[in-house]
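Next comes my_file_24.cif, a file with mmCIF, N, CA and C atoms.
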data_model
loop_
_atom_site.label_atom_id
_atom_site.label_comp_id
_atom_site.auth_asym_id
_atom_site.auth_seq_id
_atom_site.Cartn_x
_atom_site.Cartn_y
_atom_site.Cartn_z
N MET A 1 71.18 171.20 26.46
CA MET A 1 70.70 170.84 25.13
C MET A 1 71.89 170.70 24.19
N TYR A 2 71.84 169.69 23.39
CA TYR A 2 72.91 169.44 22.43
C TYR A 2 72.78 170.37 21.23
N GLN A 3 73.93 170.74 20.65
CA GLN A 3 73.93 171.60 19.48
C GLN A 3 74.40 170.89 18.22
N LYS A 4 75.26 169.85 18.39
CA LYS A 4 75.82 169.13 17.24
C LYS A 4 75.76 167.63 17.52
N LEU A 5 74.99 166.91 16.69
CA LEU A 5 74.81 165.48 16.89
C LEU A 5 75.22 164.68 15.67
N PHE A 6 75.74 163.50 15.91
CA PHE A 6 76.13 162.57 14.85
C PHE A 6 75.10 161.46 14.76
N ILE A 7 74.58 161.19 13.56
CA ILE A 7 73.55 160.18 13.35
C ILE A 7 74.19 158.88 12.87
N ASP A 8 73.92 157.80 13.61
CA ASP A 8 74.46 156.47 13.31
C ASP A 8 73.50 155.70 12.40
N SER A 9 74.02 154.65 11.79
CA SER A 9 73.21 153.84 10.86
C SER A 9 71.99 153.20 11.52
N SER A 10 72.08 152.85 12.79
CA SER A 10 70.93 152.23 13.46
C SER A 10 69.73 153.17 13.48
N ILE A 11 69.98 154.46 13.60
CA ILE A 11 68.89 155.45 13.57
C ILE A 11 68.38 155.61 12.15
N TRP A 12 69.30 155.75 11.19
CA TRP A 12 68.88 155.90 9.79
C TRP A 12 68.01 154.72 9.37
N ILE A 13 68.41 153.51 9.72
CA ILE A 13 67.66 152.31 9.31
C ILE A 13 66.29 152.30 9.97
N ALA A 14 66.24 152.52 11.27
CA ALA A 14 64.95 152.54 11.97
C ALA A 14 64.06 153.65 11.44
N PHE A 15 64.65 154.78 11.10
CA PHE A 15 63.91 155.90 10.53
C PHE A 15 63.32 155.54 9.17
N ALA A 16 64.08 154.83 8.36
CA ALA A 16 63.69 154.54 6.98
C ALA A 16 62.72 153.37 6.84
N VAL A 17 62.72 152.46 7.81
CA VAL A 17 61.94 151.22 7.68
C VAL A 17 60.81 151.23 8.71
N SER A 18 59.59 151.45 8.24
CA SER A 18 58.44 151.55 9.16
C SER A 18 58.19 150.27 9.94
N ALA A 19 58.64 149.13 9.44
CA ALA A 19 58.45 147.86 10.14
C ALA A 19 59.46 147.65 11.27
N GLU A 20 60.48 148.47 11.34
CA GLU A 20 61.48 148.34 12.41
C GLU A 20 60.83 148.62 13.76
N SER A 21 61.22 147.88 14.77
CA SER A 21 60.59 148.01 16.09
C SER A 21 60.78 149.39 16.72
N ARG A 22 61.84 150.09 16.36
CA ARG A 22 62.10 151.42 16.95
C ARG A 22 61.88 152.55 15.95
N HIS A 23 61.10 152.28 14.91
CA HIS A 23 60.83 153.28 13.87
C HIS A 23 60.25 154.57 14.46
N SER A 24 59.19 154.46 15.23
CA SER A 24 58.53 155.65 15.79
C SER A 24 59.50 156.45 16.66
N GLU A 25 60.29 155.75 17.43
CA GLU A 25 61.28 156.42 18.28
C GLU A 25 62.31 157.16 17.44
N ALA A 26 62.77 156.54 16.37
CA ALA A 26 63.75 157.20 15.49
C ALA A 26 63.15 158.43 14.83
N VAL A 27 61.92 158.33 14.37
CA VAL A 27 61.24 159.47 13.75
C VAL A 27 61.11 160.61 14.75
N THR A 28 60.68 160.31 15.96
CA THR A 28 60.52 161.33 17.00
C THR A 28 61.84 162.00 17.32
N ILE A 29 62.89 161.21 17.46
CA ILE A 29 64.22 161.76 17.77
C ILE A 29 64.68 162.69 16.65
N MET A 30 64.60 162.23 15.42
CA MET A 30 65.06 163.05 14.28
C MET A 30 64.23 164.32 14.16
N LYS A 31 62.92 164.20 14.28
CA LYS A 31 62.04 165.35 14.15
C LYS A 31 62.31 166.39 15.25
N SER A 32 62.44 165.93 16.48
CA SER A 32 62.63 166.87 17.59
C SER A 32 63.94 167.64 17.47
N HIS A 33 65.00 166.96 17.06
CA HIS A 33 66.29 167.65 16.93
C HIS A 33 66.32 168.56 15.71
N THR A 34 65.70 168.14 14.64
CA THR A 34 65.63 168.99 13.44
C THR A 34 64.84 170.26 13.75
N GLU A 35 63.69 170.10 14.39
CA GLU A 35 62.85 171.26 14.73
C GLU A 35 63.53 172.20 15.72
N ALA A 36 64.39 171.65 16.58
CA ALA A 36 65.11 172.46 17.56
C ALA A 36 66.32 173.17 16.96
N GLY A 37 66.60 172.90 15.67
CA GLY A 37 67.72 173.55 15.01
C GLY A 37 69.08 172.95 15.35
N VAL A 38 69.09 171.73 15.84
CA VAL A 38 70.34 171.06 16.16
C VAL A 38 71.05 170.70 14.84
N ALA A 39 72.34 170.93 14.80
CA ALA A 39 73.13 170.57 13.62
C ALA A 39 73.33 169.06 13.61
N LEU A 40 72.93 168.42 12.51
CA LEU A 40 73.03 166.97 12.38
C LEU A 40 74.14 166.60 11.41
N PHE A 41 74.93 165.62 11.82
CA PHE A 41 76.06 165.14 11.04
C PHE A 41 75.96 163.63 10.89
N THR A 42 76.55 163.12 9.84
CA THR A 42 76.75 161.69 9.66
C THR A 42 78.00 161.55 8.81
N SER A 43 78.33 160.34 8.40
CA SER A 43 79.54 160.17 7.60
C SER A 43 79.27 159.32 6.37
N ASN A 44 80.19 159.40 5.43
CA ASN A 44 80.09 158.55 4.25
C ASN A 44 80.13 157.07 4.65
N ASP A 45 80.89 156.72 5.69
CA ASP A 45 80.93 155.33 6.15
C ASP A 45 79.58 154.89 6.69
N VAL A 46 78.94 155.74 7.46
CA VAL A 46 77.62 155.41 8.02
C VAL A 46 76.59 155.26 6.91
N ILE A 47 76.63 156.14 5.92
CA ILE A 47 75.68 156.05 4.81
C ILE A 47 75.96 154.79 3.99
N ASP A 48 77.22 154.46 3.79
CA ASP A 48 77.58 153.20 3.12
C ASP A 48 76.96 152.02 3.86
N GLU A 49 77.15 151.97 5.16
CA GLU A 49 76.61 150.88 5.97
C GLU A 49 75.08 150.85 5.92
N THR A 50 74.46 152.01 6.00
CA THR A 50 73.00 152.10 5.97
C THR A 50 72.45 151.62 4.63
N VAL A 51 73.01 152.11 3.55
CA VAL A 51 72.53 151.73 2.21
C VAL A 51 72.72 150.23 1.99
N THR A 52 73.85 149.70 2.40
CA THR A 52 74.10 148.27 2.23
C THR A 52 73.05 147.44 2.98
N ARG A 53 72.82 147.78 4.23
CA ARG A 53 71.83 147.03 5.02
C ARG A 53 70.42 147.18 4.44
N LEU A 54 70.07 148.40 4.03
CA LEU A 54 68.74 148.61 3.46
C LEU A 54 68.57 147.82 2.16
N LEU A 55 69.59 147.78 1.32
CA LEU A 55 69.51 147.00 0.09
C LEU A 55 69.24 145.53 0.40
N TYR A 56 69.95 144.98 1.37
CA TYR A 56 69.78 143.56 1.72
C TYR A 56 68.41 143.29 2.34
N TRP A 57 67.93 144.22 3.18
CA TRP A 57 66.71 143.98 3.95
C TRP A 57 65.43 144.44 3.25
N THR A 58 65.52 145.51 2.45
CA THR A 58 64.29 146.10 1.90
C THR A 58 64.26 146.16 0.38
N GLY A 59 65.39 146.00 -0.27
CA GLY A 59 65.45 146.08 -1.72
C GLY A 59 65.76 147.48 -2.22
N LEU A 60 65.88 147.56 -3.54
CA LEU A 60 66.32 148.80 -4.19
C LEU A 60 65.33 149.95 -4.02
N PHE A 61 64.03 149.70 -4.17
CA PHE A 61 63.05 150.78 -4.15
C PHE A 61 63.10 151.57 -2.83
N LYS A 62 63.00 150.89 -1.70
CA LYS A 62 63.02 151.59 -0.40
C LYS A 62 64.39 152.20 -0.12
N THR A 63 65.44 151.53 -0.58
CA THR A 63 66.77 152.08 -0.39
C THR A 63 66.94 153.37 -1.17
N GLU A 64 66.42 153.39 -2.38
CA GLU A 64 66.50 154.61 -3.19
C GLU A 64 65.69 155.75 -2.56
N LEU A 65 64.56 155.44 -1.97
CA LEU A 65 63.78 156.47 -1.26
C LEU A 65 64.60 157.07 -0.13
N PHE A 66 65.25 156.20 0.65
CA PHE A 66 66.10 156.69 1.73
C PHE A 66 67.22 157.56 1.18
N TYR A 67 67.94 157.03 0.18
CA TYR A 67 69.12 157.74 -0.32
C TYR A 67 68.75 159.08 -0.96
N THR A 68 67.67 159.11 -1.71
CA THR A 68 67.21 160.36 -2.33
C THR A 68 66.84 161.39 -1.25
N ASN A 69 66.13 160.93 -0.23
CA ASN A 69 65.75 161.81 0.88
C ASN A 69 66.99 162.31 1.61
N PHE A 70 67.94 161.42 1.83
CA PHE A 70 69.18 161.81 2.49
C PHE A 70 69.91 162.90 1.68
N LEU A 71 70.07 162.68 0.38
CA LEU A 71 70.75 163.68 -0.46
C LEU A 71 70.01 165.01 -0.46
N ASP A 72 68.68 164.98 -0.48
CA ASP A 72 67.90 166.22 -0.40
C ASP A 72 68.21 166.97 0.89
N ASN A 73 68.31 166.24 1.99
CA ASN A 73 68.61 166.88 3.27
C ASN A 73 70.04 167.41 3.33
N VAL A 74 70.96 166.75 2.67
CA VAL A 74 72.33 167.27 2.58
C VAL A 74 72.32 168.57 1.77
N ARG A 75 71.62 168.57 0.64
CA ARG A 75 71.54 169.79 -0.20
C ARG A 75 70.89 170.95 0.54
N LYS A 76 69.87 170.65 1.34
CA LYS A 76 69.17 171.69 2.11
C LYS A 76 69.98 172.16 3.32
N GLY A 77 71.00 171.41 3.69
CA GLY A 77 71.79 171.75 4.86
C GLY A 77 71.23 171.22 6.17
N THR A 78 70.22 170.37 6.10
CA THR A 78 69.63 169.77 7.29
C THR A 78 70.59 168.76 7.91
N VAL A 79 71.37 168.09 7.07
CA VAL A 79 72.36 167.10 7.50
C VAL A 79 73.68 167.41 6.79
N THR A 80 74.77 167.30 7.52
CA THR A 80 76.10 167.46 6.94
C THR A 80 76.76 166.09 6.90
N GLN A 81 77.24 165.71 5.72
CA GLN A 81 77.94 164.44 5.59
C GLN A 81 79.44 164.69 5.70
N LEU A 82 80.06 164.06 6.71
CA LEU A 82 81.50 164.16 6.91
C LEU A 82 82.16 162.98 6.20
N TRP A 83 83.39 163.20 5.73
CA TRP A 83 84.07 162.18 4.93
C TRP A 83 85.31 161.68 5.66
N THR A 84 85.50 160.38 5.60
CA THR A 84 86.64 159.74 6.22
C THR A 84 87.86 159.87 5.32
N ASP A 85 88.95 160.38 5.89
CA ASP A 85 90.20 160.44 5.16
C ASP A 85 91.20 159.45 5.77
N GLU A 86 92.39 159.40 5.21
CA GLU A 86 93.38 158.43 5.66
C GLU A 86 93.78 158.65 7.11
N ILE A 87 93.94 159.89 7.51
CA ILE A 87 94.34 160.18 8.89
C ILE A 87 93.25 159.73 9.85
N LEU A 88 92.01 160.04 9.53
CA LEU A 88 90.91 159.65 10.39
C LEU A 88 90.75 158.12 10.45
N GLN A 89 90.94 157.47 9.33
CA GLN A 89 90.85 156.01 9.32
C GLN A 89 91.94 155.39 10.20
N ASN A 90 93.13 155.98 10.19
CA ASN A 90 94.20 155.50 11.07
C ASN A 90 93.86 155.74 12.54
N GLU A 91 93.23 156.89 12.84
CA GLU A 91 92.76 157.15 14.20
C GLU A 91 91.74 156.09 14.61
N ALA A 92 90.87 155.73 13.69
CA ALA A 92 89.85 154.71 13.95
C ALA A 92 90.51 153.37 14.23
N TRP A 93 91.54 153.04 13.48
CA TRP A 93 92.23 151.77 13.72
C TRP A 93 92.84 151.74 15.12
N TYR A 94 93.39 152.88 15.55
CA TYR A 94 93.92 152.98 16.91
C TYR A 94 92.80 152.72 17.93
N LEU A 95 91.62 153.28 17.69
CA LEU A 95 90.48 153.08 18.61
C LEU A 95 90.04 151.62 18.64
N ILE A 96 90.07 150.96 17.49
CA ILE A 96 89.72 149.53 17.45
C ILE A 96 90.66 148.73 18.35
N LYS A 97 91.94 149.05 18.27
CA LYS A 97 92.91 148.35 19.12
C LYS A 97 92.75 148.74 20.59
N LYS A 98 92.54 150.01 20.85
CA LYS A 98 92.39 150.50 22.23
C LYS A 98 91.19 149.85 22.92
N PHE A 99 90.11 149.72 22.19
CA PHE A 99 88.87 149.16 22.76
C PHE A 99 88.61 147.75 22.22
N SER A 100 89.66 146.98 22.06
CA SER A 100 89.52 145.65 21.43
C SER A 100 88.57 144.73 22.18
N ASP A 101 88.42 144.94 23.47
CA ASP A 101 87.50 144.10 24.24
C ASP A 101 86.04 144.39 23.90
N HIS A 102 85.76 145.51 23.22
CA HIS A 102 84.39 145.87 22.83
C HIS A 102 84.08 145.54 21.37
N LYS A 103 85.08 145.15 20.61
CA LYS A 103 84.91 144.76 19.21
C LYS A 103 84.15 145.80 18.39
N LEU A 104 84.71 147.01 18.32
CA LEU A 104 84.13 148.06 17.48
C LEU A 104 84.31 147.73 16.01
N SER A 105 83.34 148.07 15.20
CA SER A 105 83.51 147.98 13.75
C SER A 105 84.34 149.18 13.30
N LEU A 106 84.89 149.09 12.10
CA LEU A 106 85.64 150.23 11.57
C LEU A 106 84.73 151.44 11.41
N THR A 107 83.49 151.23 11.00
CA THR A 107 82.55 152.35 10.87
C THR A 107 82.28 152.99 12.23
N ASP A 108 82.07 152.18 13.26
CA ASP A 108 81.86 152.74 14.60
C ASP A 108 83.09 153.54 15.05
N ALA A 109 84.27 153.00 14.78
CA ALA A 109 85.49 153.69 15.19
C ALA A 109 85.70 154.99 14.41
N THR A 110 85.38 155.00 13.11
CA THR A 110 85.50 156.27 12.37
C THR A 110 84.46 157.27 12.87
N SER A 111 83.30 156.79 13.29
CA SER A 111 82.29 157.69 13.85
C SER A 111 82.80 158.36 15.12
N ILE A 112 83.44 157.58 15.99
CA ILE A 112 84.01 158.13 17.23
C ILE A 112 85.10 159.15 16.90
N ALA A 113 85.96 158.82 15.95
CA ALA A 113 87.03 159.74 15.56
C ALA A 113 86.45 161.04 14.99
N LEU A 114 85.37 160.94 14.23
CA LEU A 114 84.73 162.15 13.69
C LEU A 114 84.09 162.98 14.80
N LEU A 115 83.47 162.32 15.76
CA LEU A 115 82.91 163.05 16.91
C LEU A 115 83.99 163.89 17.59
N ARG A 116 85.15 163.28 17.75
CA ARG A 116 86.26 163.98 18.40
C ARG A 116 86.81 165.10 17.51
N ARG A 117 87.03 164.79 16.23
CA ARG A 117 87.63 165.77 15.32
C ARG A 117 86.76 167.03 15.20
N PHE A 118 85.45 166.84 15.12
CA PHE A 118 84.54 167.97 14.90
C PHE A 118 83.85 168.45 16.18
N ASN A 119 84.32 167.95 17.33
CA ASN A 119 83.80 168.37 18.63
C ASN A 119 82.27 168.28 18.69
N LEU A 120 81.75 167.13 18.27
CA LEU A 120 80.30 166.90 18.29
C LEU A 120 79.89 166.47 19.70
N ASP A 121 78.65 166.79 20.07
CA ASP A 121 78.20 166.59 21.45
C ASP A 121 77.87 165.14 21.80
N ALA A 122 77.28 164.41 20.87
CA ALA A 122 76.82 163.04 21.17
C ALA A 122 76.52 162.33 19.86
N ILE A 123 76.31 161.03 19.97
CA ILE A 123 75.91 160.23 18.82
C ILE A 123 74.47 159.76 19.04
N VAL A 124 73.66 159.87 18.02
CA VAL A 124 72.29 159.39 18.06
C VAL A 124 72.32 157.97 17.50
N THR A 125 72.03 157.00 18.37
CA THR A 125 72.22 155.59 17.99
C THR A 125 71.38 154.68 18.88
N PHE A 126 71.07 153.51 18.36
CA PHE A 126 70.50 152.44 19.16
C PHE A 126 71.56 151.39 19.48
N ASP A 127 72.78 151.62 19.06
CA ASP A 127 73.91 150.71 19.24
C ASP A 127 74.54 150.95 20.62
N GLU A 128 74.53 149.95 21.46
CA GLU A 128 75.05 150.05 22.83
C GLU A 128 76.57 150.16 22.89
N ASP A 129 77.28 149.81 21.81
CA ASP A 129 78.74 149.79 21.84
C ASP A 129 79.35 151.16 22.14
N PHE A 130 78.69 152.22 21.71
CA PHE A 130 79.25 153.56 21.95
C PHE A 130 79.27 153.90 23.44
N LYS A 131 78.24 153.52 24.16
CA LYS A 131 78.20 153.76 25.62
C LYS A 131 79.35 153.05 26.31
N LYS A 132 79.65 151.84 25.84
CA LYS A 132 80.68 151.02 26.47
C LYS A 132 82.06 151.66 26.41
N VAL A 133 82.27 152.55 25.44
CA VAL A 133 83.57 153.21 25.31
C VAL A 133 83.49 154.68 25.73
N GLY A 134 82.41 155.06 26.41
CA GLY A 134 82.31 156.38 27.01
C GLY A 134 81.82 157.50 26.11
N ILE A 135 81.17 157.17 25.01
CA ILE A 135 80.65 158.19 24.11
C ILE A 135 79.21 158.55 24.52
N PRO A 136 78.90 159.84 24.69
CA PRO A 136 77.53 160.23 25.02
C PRO A 136 76.57 159.84 23.90
N THR A 137 75.45 159.25 24.26
CA THR A 137 74.49 158.77 23.27
C THR A 137 73.09 159.31 23.52
N ILE A 138 72.34 159.38 22.45
CA ILE A 138 70.91 159.66 22.48
C ILE A 138 70.25 158.54 21.69
N PRO A 139 69.27 157.83 22.20
CA PRO A 139 68.82 157.92 23.60
C PRO A 139 69.90 157.40 24.55
N VAL A 140 69.79 157.85 25.79
CA VAL A 140 70.78 157.51 26.81
C VAL A 140 70.70 156.03 27.15
#
If you convert what's in this file into C-alpha cells, what do you get?
Amino acid sequence: MYQKLFIDSSIWIAFAVSAESRHSEAVTIMKSHTEAGVALFTSNDVIDETVTRLLYWTGLFKTELFYTNFLDNVRKGTVTQLWTDEILQNEAWYLIKKFSDHKLSLTDATSIALLRRFNLDAIVTFDEDFKKVGIPTIPV
C-alpha cells in the first residue's frame, strides 16, 4: 500500500469536471486514498496547469469551485502543495533532456523531480508519459 502519492493535473481535471470520461474513476481513486489516510501531494506547477485548463474548458465559475475546494483541502491538511524552486526546476530541465525522446513537459519533469526529492511512492495520473520514464503510476 502506498503512503505518499503525488496528484497530477489529469486527475484533478477529471475529478473536477463531471463530463470528463474518467470522472468517476478519478473520484473513486481520490476518495479511496483519502479514506485510507494516504498523504496526498501536488505542486504549484500542477495547480497552475489545472487551473489554466479548467478556465479554458469550463470557465471561471467551475474553476473557482475547484480552486476553492483545493485551498480548503490544503488548509485541512488533506493535500500538501509542494513548490518548485530554482534548483528543482534545473533538475526538471535535466530530466527533459535525459528523456527527450518522450517529450516531457516542464510541469511533468518538475513533478518527477518532486517525487524524487520528497521520496513519494507514485504519481496518480491518467498521463501515460510517466510510465514511459519508469515512474510508478496509479492507475497502473
Hey, what does DSSP flag as alpha helix (DSSP H) within chain A? Can you give it to me as an NGL selection string?
-> :A and (9-16 or 23-35 or 44-58 or 60-76 or 86-98 or 106-117 or 129-132)
Could you spell out the hits of the PyMOL selection byres ((chain A and resi 13-30) around 8) on the shown file, as an NGL selection string?
-> :A and (8-12 or 31-36 or 50-51 or 53-54 or 62 or 65-66 or 138-139)
Counting only C-alpha atoms, the option among A:Val79, A:Val74, A:Leu60, A:Ile7 closest to Asp108 (chain A) |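 Looking only at the distances to Asp108 (chain A), the closest residue turns out to be A:Ile7.
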If I put a ball of radius 8 Å at (75.9, 170.3, 18.4) in the file's coordinates, which residues poke into it when counting only C-alpha atoms, written as a list in words?
->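 All residues meeting the 8 Å criterion around (75.9, 170.3, 18.4) are Tyr2, Gln3, Lys4, Leu5, Val38, Ala39, Leu40, Leu120, Asp121 and Ala122 of chain A.
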Atom N of Asn90 (chain A) to CA of Thr125 (chain A), straight-line distance in Å |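 Rounded to one decimal, the two atoms are 22.3 Å apart.
Atom pair CA of Glu128 (chain A) / CA of Asp72 (chain A) has a distance of 29.2 Å (rounded to one decimal).
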So what does the PyMOL selection byres (((chain A and resi 107 and name CA) around 8) and name CA) actually pick up in this one, as a PyMOL selection string?
-> chain A and resi 45-46+49+105-106+108-111
As an MDAnalysis selection string, which residues of region 57-128 of chain A does DSSP assign to strand (DSSP E or B)?
-> chainID A and resid 79:82 122:124
Would you write out, as an MDAnalysis selection string, every residue that the PyMOL selection byres (((chain A and resi 91 and name CA) around 12) and name CA) captures in this file?
-> chainID A and resid 84:90 92:98 106:117
